[in-house]
Amino acid sequence: MKKITMLFLVAMLSVSMVFAQGNKESADSGVVELNFIETLPSPSRTALIQSMIDEFEAQNPDIKVNLISPPYEQAENKMTMMLNAGEKLDIVESRDATIMQLLNNKHVISLEKYLADWEYSDDFMDISWRAARTVGDEAYILPMIYFAKGLFVRTDILEEKGIEIPTTIEELYDASVALTDGETHFGYAIRGKNKAWKVSSDLISLANVPNISMDNFYLTEDGQFSYATEEGKAGLQRYVDLYKNAVAPDGINWGFNEQLNAFVSGVSAFLIQDPDSIPVLDQQLSRDKYTVVPVPVGEDTGVVYQDFAFQGLSITSSCEHPDAAWKFISFMVSPENNARFCREYGAIPVFNSVFTDDEYFSSDLFKAWNTMFNNPDVYKFVNYPITSEKFAAWEPYNQQYMQQLLMGNITIDETIAKWQEYWGY
């Protein structure tokens, strides 16, 4: 055992010496070396990022970027451990759910001085600035991609049945019911599990609540629990009715893959989903059979509420070469590279020009997101209470009572009371 331990220590020391020697050689040659950790890795995504790093290094031979790609399940914990241990990290992938924690722990720096002279500032969408300045109205993240919902529509099925594309939640409900025969065809592909509240139920149920707070999806501007309002209760009842009258019975257990399978097979004609569905659908459906339109609005309010997720790049407070780090992240988040990354990854770009100049993103499918992002009075992107200590456990708690509600085991009032008790609103 002692021999094995000694061999392990020698091996680790050798790795450290090689790493240190590499850093020394880089320093001796005048090359700045940056360590960059990604937190949403996958084989194809990592390969894409590495190819972009290779291009950057070819253009900037005085900068070397080392990409660190932990296994997906461990990536964020790995980043946190490295930062807390003071290990050399210069650039980190941050996102809406982690940027506040990174800032509170003083792990990232403000990007304002760089953004002041950034050549692409005028092209950044308004929502991109909002994402960048999520915390304290100061930019600690350079947003790179968005995820926001759109309404996916099987246009071939609607045309065959003589049904118009819905623009309100009421029209969506009526069209879904009209397309349902109760046996093989159903109007709507519900999300029954795995963040169903983000994908379906909150968006549909709360559209007619007139004054939801932009800072908290579950509170109105006058401090009421959104679902406890008259409009919230009515909206949740309609969501239950949608399930009973226009959704396949096993939809209560559907996740992402099951939703897409139902849409592709024609079992369901409507689907609310993120843009990462498009690459999957394009492989299985021709675009003359489906499209994406803005999420339907409340018929009474004329607005709809949804959250938006974003991911971007931040520079660490321990970075010894922040100017070089900025050069790299601004390369990654330039309009041309942003279009390429989002196109291959299945996300929404952060620049206005990409929606007009890029052939892929100027297509009809992506006009839905361009419309929603540029009409904030109608399409309201609100925040969930992600800073609450209760948020992490909301997923299973919400699902537990929503499924009981859909199965008819508890009432609307009982469900709302349980949710309100959970949040303490």
# chains A, B, ... in the order shown; residues from 1 in each chain; ligands from 1
$ select_by_dssp --residues "segment 195-285 of chain A" --states "strand (DSSP E or B)" --output "list of chain:residue names"
A:Ile212, A:Ser213, A:Asn216, A:Phe217, A:Tyr218, A:Leu219, A:Thr220, A:Phe225, A:Ser268, A:Ala269, A:Phe270, A:Leu271, A:Ile272, A:Gln273
$ write_last_selection --atoms "C-alpha atoms" --output "PDB file, in the first residue's frame"
ATOM      1  CA  ILE A 212     -46.475  40.184 -12.408  1.00  0.00           C
ATOM      2  CA  SER A 213     -43.231  41.551 -11.008  1.00  0.00           C
ATOM      3  CA  ASN A 216     -40.117  37.537  -9.371  1.00  0.00           C
ATOM      4  CA  PHE A 217     -42.414  35.410 -11.513  1.00  0.00           C
ATOM      5  CA  TYR A 218     -44.346  34.332  -8.426  1.00  0.00           C
ATOM      6  CA  LEU A 219     -45.183  37.792  -7.092  1.00  0.00           C
ATOM      7  CA  THR A 220     -47.332  40.568  -8.457  1.00  0.00           C
ATOM      8  CA  PHE A 225     -48.629  35.303  -4.867  1.00  0.00           C
ATOM      9  CA  SER A 268     -49.280  16.649 -31.129  1.00  0.00           C
ATOM     10  CA  ALA A 269     -49.365  19.799 -33.226  1.00  0.00           C
ATOM     11  CA  PHE A 270     -48.202  22.382 -30.670  1.00  0.00           C
ATOM     12  CA  LEU A 271     -45.091  22.462 -28.540  1.00  0.00           C
ATOM     13  CA  ILE A 272     -43.557  25.182 -26.376  1.00  0.00           C
ATOM     14  CA  GLN A 273     -39.813  24.699 -26.266  1.00  0.00           C
TER      15      GLN A 273
END
$ closest_atom_pairs --of "segment 303-385 of chain A" --to "segment 282-298 of chain A" --cutoff "9 Å" --atoms "only C-alpha atoms" --output "JSON lines"
{"residue": "A:Val303", "atom": "CA", "partner": "A:Val297", "partner_atom": "CA", "distance": 4.8}
{"residue": "A:Val304", "atom": "CA", "partner": "A:Val297", "partner_atom": "CA", "distance": 4.6}
{"residue": "A:Tyr305", "atom": "CA", "partner": "A:Val297", "partner_atom": "CA", "distance": 8.3}
{"residue": "A:Asp364", "atom": "CA", "partner": "A:Thr291", "partner_atom": "CA", "distance": 7.5}
{"residue": "A:Leu365", "atom": "CA", "partner": "A:Val292", "partner_atom": "CA", "distance": 5.0}
{"residue": "A:Phe366", "atom": "CA", "partner": "A:Val292", "partner_atom": "CA", "distance": 7.2}
{"residue": "A:Lys367", "atom": "CA", "partner": "A:Val293", "partner_atom": "CA", "distance": 7.6}
{"residue": "A:Ala368", "atom": "CA", "partner": "A:Pro294", "partner_atom": "CA", "distance": 4.7}
{"residue": "A:Trp369", "atom": "CA", "partner": "A:Pro294", "partner_atom": "CA", "distance": 6.7}
{"residue": "A:Thr371", "atom": "CA", "partner": "A:Pro294", "partner_atom": "CA", "distance": 7.2}
{"residue": "A:Met372", "atom": "CA", "partner": "A:Pro294", "partner_atom": "CA", "distance": 6.4}
{"residue": "A:Val378", "atom": "CA", "partner": "A:Val297", "partner_atom": "CA", "distance": 7.8}
{"residue": "A:Tyr379", "atom": "CA", "partner": "A:Val297", "partner_atom": "CA", "distance": 7.9}
$ residues_around --residues "segment 172-189 of chain A" --least-positions-apart "5" --cutoff "7 Å" --atoms "only C-alpha atoms" --output "tab-separated table (two decimals) with C-alpha atoms, in the first residue's frame"
chain	number	residue	atom	x	y	z
A	163	ILE	CA	-56.97	25.98	-38.19
A	166	PRO	CA	-52.89	30.86	-32.39
A	242	LEU	CA	-55.76	21.66	-21.46
A	245	ASN	CA	-58.99	17.82	-23.17
A	246	ALA	CA	-56.01	18.17	-25.51
A	247	VAL	CA	-53.02	16.17	-24.19
A	248	ALA	CA	-52.14	12.49	-24.45
A	259	GLN	CA	-42.35	16.07	-26.32
A	262	ALA	CA	-44.91	13.49	-30.16
A	263	PHE	CA	-44.41	16.61	-32.26
A	267	VAL	CA	-49.36	13.00	-32.27
A	268	SER	CA	-49.28	16.65	-31.13
A	269	ALA	CA	-49.36	19.80	-33.23
A	270	PHE	CA	-48.20	22.38	-30.67
A	271	LEU	CA	-45.09	22.46	-28.54
$ residues_around --residues "Leu83 of chain A" --least-positions-apart "4" --cutoff "12 Å" --atoms "only C-alpha atoms" --output "list in words"
Asn35, Phe36, Ile37, Glu76, Asn77, Lys78, Met79, Glu87, Lys88, Leu89, Asp90, Ile91, Val92, Gln101, Leu102, Leu103, Asn105, Lys106, His107, Val108, Ile315, Thr316, Ser317, Ser318 and Cys319 of chain A
$ residues_around --residues "segment 193-198 of chain A" --least-positions-apart "5" --cutoff "9 Å" --atoms "only C-alpha atoms" --output "list in words"
Leu203, Ile252, Asn253, Trp254, Gly255, Phe256, Gln306, Asp307, Glu395, Pro396, Asn398, Gln399, Met402 and Gln403 of chain A
$ write_last_selection --atoms "N, CA and C atoms" --output "compact mmCIF listing (two decimals), in the first residue's frame"
# COMPACT_ATOMS: atom_id res chain seq x y z
N LEU A 203 -45.94 29.63 -17.79
CA LEU A 203 -46.13 30.48 -18.97
C LEU A 203 -47.59 30.53 -19.39
N ILE A 252 -48.33 13.42 -18.91
CA ILE A 252 -47.99 13.83 -17.55
C ILE A 252 -46.57 13.39 -17.18
N ASN A 253 -46.04 12.42 -17.90
CA ASN A 253 -44.69 11.92 -17.63
C ASN A 253 -43.69 12.29 -18.72
N TRP A 254 -44.09 13.13 -19.66
CA TRP A 254 -43.19 13.47 -20.75
C TRP A 254 -42.12 14.46 -20.33
N GLY A 255 -40.91 14.21 -20.82
CA GLY A 255 -39.83 15.17 -20.73
C GLY A 255 -39.52 15.70 -22.12
N PHE A 256 -38.32 16.24 -22.30
CA PHE A 256 -37.92 16.87 -23.56
C PHE A 256 -38.05 15.91 -24.74
N GLN A 306 -42.32 35.05 -19.49
CA GLN A 306 -41.48 33.86 -19.43
C GLN A 306 -40.10 34.28 -18.94
N ASP A 307 -39.34 33.31 -18.49
CA ASP A 307 -37.98 33.62 -18.10
C ASP A 307 -37.05 33.38 -19.29
N GLU A 395 -38.22 22.54 -7.92
CA GLU A 395 -38.51 21.61 -9.00
C GLU A 395 -39.30 20.39 -8.53
N PRO A 396 -38.79 19.58 -7.61
CA PRO A 396 -39.56 18.40 -7.19
C PRO A 396 -40.84 18.75 -6.44
N ASN A 398 -42.82 21.46 -6.86
CA ASN A 398 -43.82 21.87 -7.84
C ASN A 398 -44.37 20.66 -8.58
N GLN A 399 -43.48 19.79 -9.04
CA GLN A 399 -43.90 18.64 -9.82
C GLN A 399 -44.81 17.71 -9.01
N MET A 402 -48.24 19.44 -8.88
CA MET A 402 -48.83 19.62 -10.21
C MET A 402 -49.33 18.29 -10.75
N GLN A 403 -48.56 17.24 -10.57
CA GLN A 403 -49.01 15.94 -11.07
C GLN A 403 -50.23 15.44 -10.30
$ residues_around --residues "Ser314 of chain A" --least-positions-apart "5" --cutoff "9 Å" --atoms "only C-alpha atoms" --output "list of chain:residue names"
A:Asp90, A:Ile91, A:Val92, A:Glu93, A:Ser94, A:Ile99, A:Val108, A:Ile109, A:Ser110, A:Leu111, A:Tyr140, A:Ile141, A:Leu142, A:Pro143, A:Ala325, A:Trp326, A:Ile329
$ select_by_dssp --residues "segment 329-391 of chain A" --states "helix (DSSP H, G or I)" --output "compact mmCIF listing (two decimals) with C-alpha atoms, in the first residue's frame"
# COMPACT_ATOMS: atom_id res chain seq x y z
CA ILE A 329 -13.82 36.39 -24.66
CA SER A 330 -14.56 39.30 -27.01
CA PHE A 331 -13.31 37.08 -29.86
CA MET A 332 -15.66 34.30 -28.74
CA PRO A 335 -21.14 38.58 -34.14
CA GLU A 336 -19.54 36.14 -36.58
CA ASN A 337 -18.43 33.67 -33.92
CA ASN A 338 -21.64 34.12 -31.95
CA ALA A 339 -23.65 33.15 -35.02
CA ARG A 340 -21.47 30.10 -35.60
CA PHE A 341 -21.59 28.93 -31.99
CA CYS A 342 -25.35 29.37 -31.64
CA ARG A 343 -26.03 27.77 -35.00
CA GLU A 344 -24.09 24.61 -34.11
CA TYR A 345 -25.16 24.50 -30.46
CA ASN A 352 -29.19 42.24 -33.49
CA SER A 353 -27.12 41.93 -36.66
CA VAL A 354 -27.06 38.13 -36.50
CA PHE A 355 -30.84 38.04 -36.94
CA THR A 356 -30.58 40.15 -40.09
CA ASP A 357 -27.21 39.25 -41.64
CA ASP A 364 -38.57 32.47 -40.57
CA LEU A 365 -38.01 30.13 -37.62
CA PHE A 366 -35.89 32.63 -35.73
CA LYS A 367 -38.02 35.69 -36.42
CA ALA A 368 -40.09 34.58 -33.44
CA TRP A 369 -37.24 35.24 -31.01
CA ASN A 370 -36.20 38.44 -32.73
CA THR A 371 -39.79 39.67 -32.36
CA MET A 372 -40.02 38.70 -28.69
CA PHE A 373 -36.65 40.16 -27.71
CA PHE A 391 -35.39 27.78 -5.29
